[in-house]
Amino acid sequence: MNKHPTNKHPTNKHPSQADKDEIPNEMPFARPTQVRHEVLILLTLAAAIAYLTRNAVGVGESTIREDLGLSLRQSGWFMAAFFWSYAALQVPSGSLAHRFGTRFAMVAFACGGSIAAVTIGLAPALWLLVAAQLLMGATQAGLFPASCFAISHWTPLARRTLACGALAVGMQVGAIVASLATGNLIALMHWRWVFALFAVPGFVWAAVFLVRFRNHPADDPKVNQAERAIIHPEMPSVDLHTTPSPPTPWKSILENPAIWFLCGQQICRAAGYMFFASWFPTFLQETRGVSVQNSGYLQALVFAGILAGSFLGGLLTDWIWQRTGNLRLSRSGVGTTFLFGCAVLILLAWFVESTLLAVVLLAIGSLLAAMAGPCASAATIDIGGDHVPQVYGIMNMSGNFAAAACPILIAEIFEWTSNWTVVLLLFAAIYLVGSICWAMVDCRQTIESR
């Protein structure tokens with residue numbers, strides 16, 4: 001069994017006192033700085049801004065479709081375009097962060113996403129809407145592999161899943177703001193101005209990040225020795241940035257069964273999430289007679305479940321790891337249990353007459369599915385070692401190809417059946433398959449650098 005190089009990413013030992021954010025005994029009088037928390041806040045804000053711009057499309061879809069005279073099928077292609085470039089460029093963009101550093105890569109990604117949002121607001125027809133979505137997908141593709149790479153450098157092992165959960169919380173905060181704000185803003189102004197407005201936070205964040213962030217704790221003069229010892233207790237005095245990046249062992253990555261099953265669960269979770277992020281407001285409008293504005297509110301309720309699940313999942317996974325030191329139990333055990341629970345609740349929602357009760361069941365189901373998210377991100381760190389962006393990129397690429405196909409598939413199902421409710425049965429089955437994939441993931445099957 002391969003193990004991470006012991007000088008960088010230990011994973012198979014019980015967490016030490018230093019992992020628990022306590023000051024090592026050899027430095028009893030040192031007060032650690034708190035730069036690692038500032039880094040996590042910046043990364044979480046980046047996630048929120050990214051999801052603000054991408055999720056605004058789902059709420060505004062019917063308005064944009066009507067204004068530009070698009071068909072339902074054309075609108076499906078418009079919403080899916082983001083995910084084709086987003087999925088295809090996960091690994092290349094993640095590799096850019098690995099090669100050139102997270103700092104400049106993240107700034108470029110954030111600015112590109114904001115430029116794409118402005119382009120959506122300027123689009124006169126379908127072709128430019130699709131082009132803008134492709135641009136946004138391309139520029140955001142490396143955002144989360146790069147963020148996960150930064151977490152591997154800035155967060156102690158026993159806190160990494162919670163940090164990944166914080167990223168997921170940021171995603172859902174952005175999604176909730178998009179759900180709540182987009183419909184109300186469209187009621188006040190033209191939809192084109194709404195997308196221009198949503199572009200502003202990305203530019204502001206990029207400027208702050210460029211000034212405040214450094215790729216490694218050893219690069220940042222604001223980080224003292226005590227904080228370095230907390231982040232990397234096994235090597236508090238080593239300058240990580242002086243070690244050259246090792247070549248990527250693609251053969252070992254592609255032959256690792258844990259990565260294949262990790263991709264399988266990601267495909268299922270991403271497809272399920274994409275339904276809520278794209279067609280769900282239209283689903284409510286068509287099946288329950290809900291207004292555009294109220295469909296945004298109900299979508300926000302589901303996203304609130306995802307937000308809570310992301311945070312709780314990070315806490316629970318780290319708690320299990322700290323109590324047991326068992327990677328498989330704290331990763332695949334959590335993922336399997338909660339994806340299965342999500343499948344059951346979606347199936348129950350299919351039988352419910354009440355709109356509110358059905359949405360509540362779906363929100364709880366989405367909460368459970370989200371609890372399987374932080375452990376997936378942490379698993380890429382466990383398995384990837386020195387190659388976190390590549391492993392995360394492969395996992396996220398797989399999921400986002402499924403997300404790209406999801407809006408098109410749903411549109412085609414409706415064209416064939418004229419029945420929106422059958423979609424719930426489809427996604428109950430998808431989440432069940434995801435739980436089976438999680439059961440097969442063993443994070444102890446790590447990548448050895450060559």
# chains A, B, ... in the order shown; residues from 1 in each chain; ligands from 1
call {"tool": "residues_around", "arguments": {"residues": "range 107-111 of chain A", "least_positions_apart": "5", "cutoff": "8 Å", "atoms": "only C-alpha atoms", "output": "list in words"}}
result
Ala46, Ala50, Thr139, Gln140, Ala141, Gly142, Leu143, Gly202, Phe203, Trp205, Ala206, Ala207, Phe209 and Leu210 of chain A
call {"tool": "residues_around", "arguments": {"residues": "Val422 in chain A", "least_positions_apart": "6", "cutoff": "12 Å", "atoms": "only C-alpha atoms", "output": "VMD selection string"}}
result
chain A and resid 283 287 346 to 347 349 to 351 410 413 to 414 416 428 to 429
call {"tool": "residues_around", "arguments": {"residues": "Ile306 in chain A", "least_positions_apart": "5", "cutoff": "6 Å", "atoms": "only C-alpha atoms", "output": "NGL selection string"}}
result
:A and (366-367 or 370)
call {"tool": "closest_residue", "arguments": {"among": "A:Asn184, A:Gly170, A:Phe340, A:Ser62", "to": "Ser75 in chain A", "atoms": "only C-alpha atoms"}}
result
A:Ser62
call {"tool": "closest_residue", "arguments": {"among": "A:Tyr273, A:Ala300, A:Ser330, A:Asp386", "to": "Gly365 in chain A", "atoms": "only C-alpha atoms"}}
result
A:Tyr273
call {"tool": "residues_around", "arguments": {"residues": "Ala226 in chain A", "least_positions_apart": "2", "cutoff": "6 Å", "atoms": "only C-alpha atoms", "output": "list in words"}}
result
Ala30, Pro32, Asn224, Arg228 and Ala229 of chain A
call {"tool": "residues_around", "arguments": {"residues": "Ala343 in chain A", "least_positions_apart": "4", "cutoff": "10 Å", "atoms": "only C-alpha atoms", "output": "list of chain:residue names"}}
result
A:Phe338, A:Leu339, A:Leu347, A:Leu348, A:Leu362, A:Gly365, A:Ser366, A:Leu368, A:Ala369, A:Leu424, A:Leu425, A:Leu426, A:Phe427, A:Ala428, A:Ala429, A:Ile430, A:Tyr431, A:Leu432, A:Val433, A:Gly434, A:Ser435
call {"tool": "write_last_selection", "arguments": {"atoms": "N, CA and C atoms", "output": "JSON list (two decimals), in the first residue's frame"}}
result
[["chain", "number", "residue", "atom", "x", "y", "z"],
["A", 338, "PHE", "N", -24.88, 9.04, 4.01],
["A", 338, "PHE", "CA", -25.72, 10.21, 3.75],
["A", 338, "PHE", "C", -26.22, 10.27, 2.31],
["A", 339, "LEU", "N", -25.51, 9.73, 1.35],
["A", 339, "LEU", "CA", -26.07, 9.67, 0.00],
["A", 339, "LEU", "C", -27.25, 8.69, -0.06],
["A", 347, "LEU", "N", -37.11, 10.02, -2.93],
["A", 347, "LEU", "CA", -38.18, 9.10, -3.29],
["A", 347, "LEU", "C", -39.47, 9.43, -2.53],
["A", 348, "LEU", "N", -39.34, 9.77, -1.26],
["A", 348, "LEU", "CA", -40.53, 10.15, -0.48],
["A", 348, "LEU", "C", -41.18, 11.42, -1.03],
["A", 362, "LEU", "N", -36.92, 17.56, 0.06],
["A", 362, "LEU", "CA", -35.79, 17.71, -0.85],
["A", 362, "LEU", "C", -34.66, 18.50, -0.21],
["A", 365, "GLY", "N", -32.95, 16.18, 2.10],
["A", 365, "GLY", "CA", -32.16, 15.27, 1.28],
["A", 365, "GLY", "C", -30.91, 15.93, 0.75],
["A", 366, "SER", "N", -31.03, 17.17, 0.31],
["A", 366, "SER", "CA", -29.85, 17.89, -0.18],
["A", 366, "SER", "C", -28.86, 18.15, 0.94],
["A", 368, "LEU", "N", -28.31, 16.07, 3.44],
["A", 368, "LEU", "CA", -27.58, 14.81, 3.60],
["A", 368, "LEU", "C", -26.57, 14.61, 2.48],
["A", 369, "ALA", "N", -26.96, 14.92, 1.25],
["A", 369, "ALA", "CA", -26.02, 14.79, 0.13],
["A", 369, "ALA", "C", -24.82, 15.71, 0.32],
["A", 424, "LEU", "N", -37.76, 13.17, -10.35],
["A", 424, "LEU", "CA", -37.43, 12.83, -8.96],
["A", 424, "LEU", "C", -37.04, 11.36, -8.83],
["A", 425, "LEU", "N", -37.73, 10.49, -9.54],
["A", 425, "LEU", "CA", -37.38, 9.07, -9.50],
["A", 425, "LEU", "C", -35.98, 8.84, -10.06],
["A", 426, "LEU", "N", -35.65, 9.56, -11.13],
["A", 426, "LEU", "CA", -34.33, 9.43, -11.73],
["A", 426, "LEU", "C", -33.24, 9.81, -10.73],
["A", 427, "PHE", "N", -33.44, 10.92, -10.01],
["A", 427, "PHE", "CA", -32.39, 11.38, -9.11],
["A", 427, "PHE", "C", -32.32, 10.58, -7.82],
["A", 428, "ALA", "N", -33.42, 9.98, -7.40],
["A", 428, "ALA", "CA", -33.34, 9.05, -6.27],
["A", 428, "ALA", "C", -32.43, 7.88, -6.62],
["A", 429, "ALA", "N", -32.56, 7.37, -7.86],
["A", 429, "ALA", "CA", -31.71, 6.27, -8.30],
["A", 429, "ALA", "C", -30.25, 6.71, -8.43],
["A", 430, "ILE", "N", -30.03, 7.93, -8.90],
["A", 430, "ILE", "CA", -28.67, 8.44, -9.07],
["A", 430, "ILE", "C", -27.95, 8.53, -7.72],
["A", 431, "TYR", "N", -28.64, 9.06, -6.71],
["A", 431, "TYR", "CA", -28.00, 9.17, -5.39],
["A", 431, "TYR", "C", -27.75, 7.79, -4.77],
["A", 432, "LEU", "N", -28.60, 6.83, -5.06],
["A", 432, "LEU", "CA", -28.37, 5.47, -4.56],
["A", 432, "LEU", "C", -27.09, 4.90, -5.17],
["A", 433, "VAL", "N", -26.88, 5.10, -6.46],
["A", 433, "VAL", "CA", -25.64, 4.64, -7.09],
["A", 433, "VAL", "C", -24.44, 5.35, -6.48],
["A", 434, "GLY", "N", -24.60, 6.63, -6.17],
["A", 434, "GLY", "CA", -23.51, 7.38, -5.53],
["A", 434, "GLY", "C", -23.11, 6.80, -4.19],
["A", 435, "SER", "N", -24.10, 6.36, -3.41],
["A", 435, "SER", "CA", -23.78, 5.77, -2.10],
["A", 435, "SER", "C", -23.00, 4.47, -2.26]]
call {"tool": "residues_around", "arguments": {"residues": "Pro407 in chain A", "least_positions_apart": "2", "cutoff": "6 Å", "atoms": "only C-alpha atoms", "output": "VMD selection string"}}
result
chain A and resid 76 80 405 409 to 410
call {"tool": "write_last_selection", "arguments": {"atoms": "C-alpha atoms", "output": "JSON list (two decimals), in the first residue's frame"}}
result
[["chain", "number", "residue", "atom", "x", "y", "z"],
["A", 76, "GLY", "CA", -30.93, 23.78, -21.75],
["A", 80, "ALA", "CA", -25.19, 23.38, -19.77],
["A", 405, "ALA", "CA", -25.22, 16.69, -19.36],
["A", 409, "LEU", "CA", -30.98, 15.26, -20.23],
["A", 410, "ILE", "CA", -33.80, 16.77, -18.16]]
call {"tool": "select_by_dssp", "arguments": {"residues": "range 171-348 of chain A", "states": "helix (DSSP H, G or I)", "output": "ChimeraX atom specification"}}
result
/A:171-188,191-212,217-219,225-231,240-242,250-254,257-277,280-288,292-324,327-348
call {"tool": "write_last_selection", "arguments": {"atoms": "C-alpha atoms", "output": "CSV table (one decimal), in the first residue's frame"}}
result
chain,number,residue,atom,x,y,z
A,171,MET,CA,-20.5,27.8,-2.5
A,172,GLN,CA,-24.0,27.6,-1.0
A,173,VAL,CA,-23.9,31.1,0.4
A,174,GLY,CA,-23.3,32.3,-3.1
A,175,ALA,CA,-26.0,30.1,-4.5
A,176,ILE,CA,-28.5,31.3,-1.8
A,177,VAL,CA,-27.7,34.9,-2.5
A,178,ALA,CA,-28.2,34.3,-6.2
A,179,SER,CA,-31.5,32.5,-5.6
A,180,LEU,CA,-32.8,35.2,-3.2
A,181,ALA,CA,-31.5,38.3,-5.0
A,182,THR,CA,-31.7,37.5,-8.7
A,183,GLY,CA,-35.5,37.3,-8.9
A,184,ASN,CA,-36.0,40.4,-6.8
A,185,LEU,CA,-33.3,42.4,-8.8
A,186,ILE,CA,-34.9,41.3,-12.1
A,187,ALA,CA,-38.2,42.8,-10.8
A,188,LEU,CA,-36.4,46.1,-10.2
A,191,TRP,CA,-31.7,41.2,-16.2
A,192,ARG,CA,-28.7,42.5,-18.1
A,193,TRP,CA,-27.9,44.9,-15.4
A,194,VAL,CA,-28.2,42.2,-12.8
A,195,PHE,CA,-25.4,40.2,-14.3
A,196,ALA,CA,-23.2,43.3,-14.6
A,197,LEU,CA,-23.8,43.9,-10.9
A,198,PHE,CA,-22.9,40.3,-10.0
A,199,ALA,CA,-19.5,40.8,-11.8
A,200,VAL,CA,-18.3,43.4,-9.4
A,201,PRO,CA,-17.4,41.3,-6.3
A,202,GLY,CA,-15.0,39.1,-8.3
A,203,PHE,CA,-12.9,42.0,-9.3
A,204,VAL,CA,-12.8,43.4,-5.7
A,205,TRP,CA,-11.9,39.9,-4.3
A,206,ALA,CA,-9.1,39.5,-6.8
A,207,ALA,CA,-7.4,42.7,-5.8
A,208,VAL,CA,-7.6,41.8,-2.1
A,209,PHE,CA,-6.3,38.3,-2.7
A,210,LEU,CA,-3.4,39.5,-4.7
A,211,VAL,CA,-2.2,41.7,-1.8
A,212,ARG,CA,-3.0,39.4,1.1
A,217,PRO,CA,3.1,29.7,5.1
A,218,ALA,CA,6.9,29.8,4.6
A,219,ASP,CA,6.3,32.6,2.0
A,225,GLN,CA,7.0,29.8,13.8
A,226,ALA,CA,4.3,28.8,16.2
A,227,GLU,CA,1.7,28.9,13.5
A,228,ARG,CA,3.9,27.0,11.1
A,229,ALA,CA,4.2,24.3,13.8
A,230,ILE,CA,0.4,24.1,14.0
A,231,ILE,CA,-0.1,23.8,10.2
A,240,LEU,CA,7.9,24.1,1.7
A,241,HIS,CA,8.2,26.4,-1.2
A,242,THR,CA,11.9,25.5,-1.7
A,250,TRP,CA,-0.4,9.8,-14.2
A,251,LYS,CA,0.0,6.1,-14.4
A,252,SER,CA,-0.4,5.7,-10.6
A,253,ILE,CA,-3.3,8.1,-10.6
A,254,LEU,CA,-5.2,6.4,-13.4
A,257,PRO,CA,-9.3,2.2,-7.9
A,258,ALA,CA,-10.1,4.7,-5.1
A,259,ILE,CA,-9.9,7.5,-7.6
A,260,TRP,CA,-12.3,5.8,-10.0
A,261,PHE,CA,-14.9,5.2,-7.3
A,262,LEU,CA,-14.4,8.8,-6.0
A,263,CYS,CA,-15.2,10.0,-9.5
A,264,GLY,CA,-18.3,7.8,-9.5
A,265,GLN,CA,-19.7,9.3,-6.4
A,266,GLN,CA,-18.9,12.8,-7.7
A,267,ILE,CA,-20.7,12.2,-10.9
A,268,CYS,CA,-23.9,11.2,-8.9
A,269,ARG,CA,-23.6,14.2,-6.5
A,270,ALA,CA,-22.9,16.7,-9.2
A,271,ALA,CA,-25.8,15.5,-11.4
A,272,GLY,CA,-28.1,15.8,-8.4
A,273,TYR,CA,-26.9,19.2,-7.4
A,274,MET,CA,-27.2,20.5,-11.0
A,275,PHE,CA,-30.9,19.7,-11.1
A,276,PHE,CA,-31.4,22.0,-8.1
A,277,ALA,CA,-29.1,24.6,-9.5
A,280,PHE,CA,-35.5,23.2,-10.2
A,281,PRO,CA,-37.1,26.7,-10.3
A,282,THR,CA,-38.7,25.8,-13.6
A,283,PHE,CA,-39.7,22.4,-12.2
A,284,LEU,CA,-41.6,24.1,-9.4
A,285,GLN,CA,-43.2,26.6,-11.8
A,286,GLU,CA,-44.4,23.8,-14.1
A,287,THR,CA,-45.5,21.2,-11.6
A,288,ARG,CA,-46.7,23.3,-8.6
A,292,VAL,CA,-40.7,32.9,-10.7
A,293,GLN,CA,-40.0,34.9,-7.5
A,294,ASN,CA,-41.3,32.2,-5.1
A,295,SER,CA,-39.4,29.5,-7.0
A,296,GLY,CA,-36.2,31.4,-6.2
A,297,TYR,CA,-37.2,31.4,-2.5
A,298,LEU,CA,-37.9,27.6,-2.5
A,299,GLN,CA,-34.6,27.0,-4.4
A,300,ALA,CA,-32.9,29.0,-1.7
A,301,LEU,CA,-34.4,26.7,0.9
A,302,VAL,CA,-32.8,23.7,-0.8
A,303,PHE,CA,-29.5,25.6,-1.0
A,304,ALA,CA,-29.8,26.3,2.7
A,305,GLY,CA,-30.0,22.6,3.3
A,306,ILE,CA,-26.9,22.1,1.2
A,307,LEU,CA,-25.1,24.9,3.2
A,308,ALA,CA,-25.9,23.4,6.6
A,309,GLY,CA,-24.9,19.9,5.3
A,310,SER,CA,-21.6,21.2,4.0
A,311,PHE,CA,-20.7,22.6,7.5
A,312,LEU,CA,-22.1,19.7,9.5
A,313,GLY,CA,-20.4,17.2,7.1
A,314,GLY,CA,-17.0,18.8,7.7
A,315,LEU,CA,-17.5,18.8,11.5
A,316,LEU,CA,-18.7,15.2,11.6
A,317,THR,CA,-15.9,13.9,9.3
A,318,ASP,CA,-13.2,15.6,11.3
A,319,TRP,CA,-14.8,14.4,14.6
A,320,ILE,CA,-14.8,10.8,13.4
A,321,TRP,CA,-11.2,11.1,12.3
A,322,GLN,CA,-10.1,12.6,15.6
A,323,ARG,CA,-11.9,9.9,17.6
A,324,THR,CA,-10.9,6.9,15.6
A,327,LEU,CA,-9.7,7.4,7.3
A,328,ARG,CA,-12.1,4.9,5.6
A,329,LEU,CA,-14.7,5.3,8.3
A,330,SER,CA,-14.4,9.2,8.3
A,331,ARG,CA,-14.5,9.4,4.5
A,332,SER,CA,-16.4,6.6,2.8
A,333,GLY,CA,-18.5,5.8,5.9
A,334,VAL,CA,-19.9,9.3,6.0
A,335,GLY,CA,-20.4,9.5,2.2
A,336,THR,CA,-22.2,6.1,1.9
A,337,THR,CA,-24.6,6.8,4.7
A,338,PHE,CA,-25.7,10.2,3.7
A,339,LEU,CA,-26.1,9.7,0.0
A,340,PHE,CA,-28.3,6.7,0.8
A,341,GLY,CA,-30.4,8.8,3.1
A,342,CYS,CA,-30.7,11.5,0.4
A,343,ALA,CA,-32.0,8.9,-2.1
A,344,VAL,CA,-34.7,7.8,0.3
A,345,LEU,CA,-35.9,11.3,1.0
A,346,ILE,CA,-36.1,12.2,-2.7
A,347,LEU,CA,-38.2,9.1,-3.3
A,348,LEU,CA,-40.5,10.2,-0.5
call {"tool": "residues_around", "arguments": {"residues": "range 391-396 of chain A", "least_positions_apart": "4", "cutoff": "6 Å", "atoms": "only C-alpha atoms", "output": "list in words"}}
result
Gln90, Val91, Pro145, Cys263, Thr380 and Gly384 of chain A
call {"tool": "write_last_selection", "arguments": {"atoms": "N, CA and C atoms", "output": "compact mmCIF listing (two decimals), in the first residue's frame"}}
result
# COMPACT_ATOMS: atom_id res chain seq x y z
N GLN A 90 -10.76 21.20 -15.84
CA GLN A 90 -10.44 21.00 -14.43
C GLN A 90 -8.98 20.62 -14.23
N VAL A 91 -8.52 19.60 -14.93
CA VAL A 91 -7.14 19.13 -14.74
C VAL A 91 -6.12 20.13 -15.27
N PRO A 145 -9.84 23.21 -7.49
CA PRO A 145 -8.57 22.49 -7.34
C PRO A 145 -7.48 23.35 -6.69
N CYS A 263 -14.56 9.34 -8.31
CA CYS A 263 -15.17 10.00 -9.46
C CYS A 263 -16.63 9.56 -9.62
N THR A 380 -9.39 13.79 -1.69
CA THR A 380 -8.40 14.10 -2.73
C THR A 380 -7.07 14.49 -2.11
N GLY A 384 -4.11 12.23 -2.88
CA GLY A 384 -3.25 12.94 -3.84
C GLY A 384 -1.87 13.29 -3.35
call {"tool": "closest_residue", "arguments": {"among": "A:Val352, A:Leu357, A:Ala376, A:Cys406", "to": "Ala81 in chain A", "atoms": "only C-alpha atoms"}}
result
A:Cys406
call {"tool": "closest_residue", "arguments": {"among": "A:Trp84, A:Glu66, A:Arg36, A:Ala403", "to": "Ser278 in chain A", "atoms": "only C-alpha atoms"}}
result
A:Ala403
call {"tool": "closest_residue", "arguments": {"among": "A:Ile151, A:Leu128, A:Ala97, A:Val59", "to": "Leu43 in chain A", "atoms": "only C-alpha atoms"}}
result
A:Ile151
call {"tool": "atom_distance", "arguments": {"atom1": "CA of Leu40 in chain A", "atom2": "CA of Ile364 in chain A"}}
result
26.8 Å
call {"tool": "atom_distance", "arguments": {"atom1": "CA of Ala47 in chain A", "atom2": "CA of Leu135 in chain A"}}
result
17.2 Å
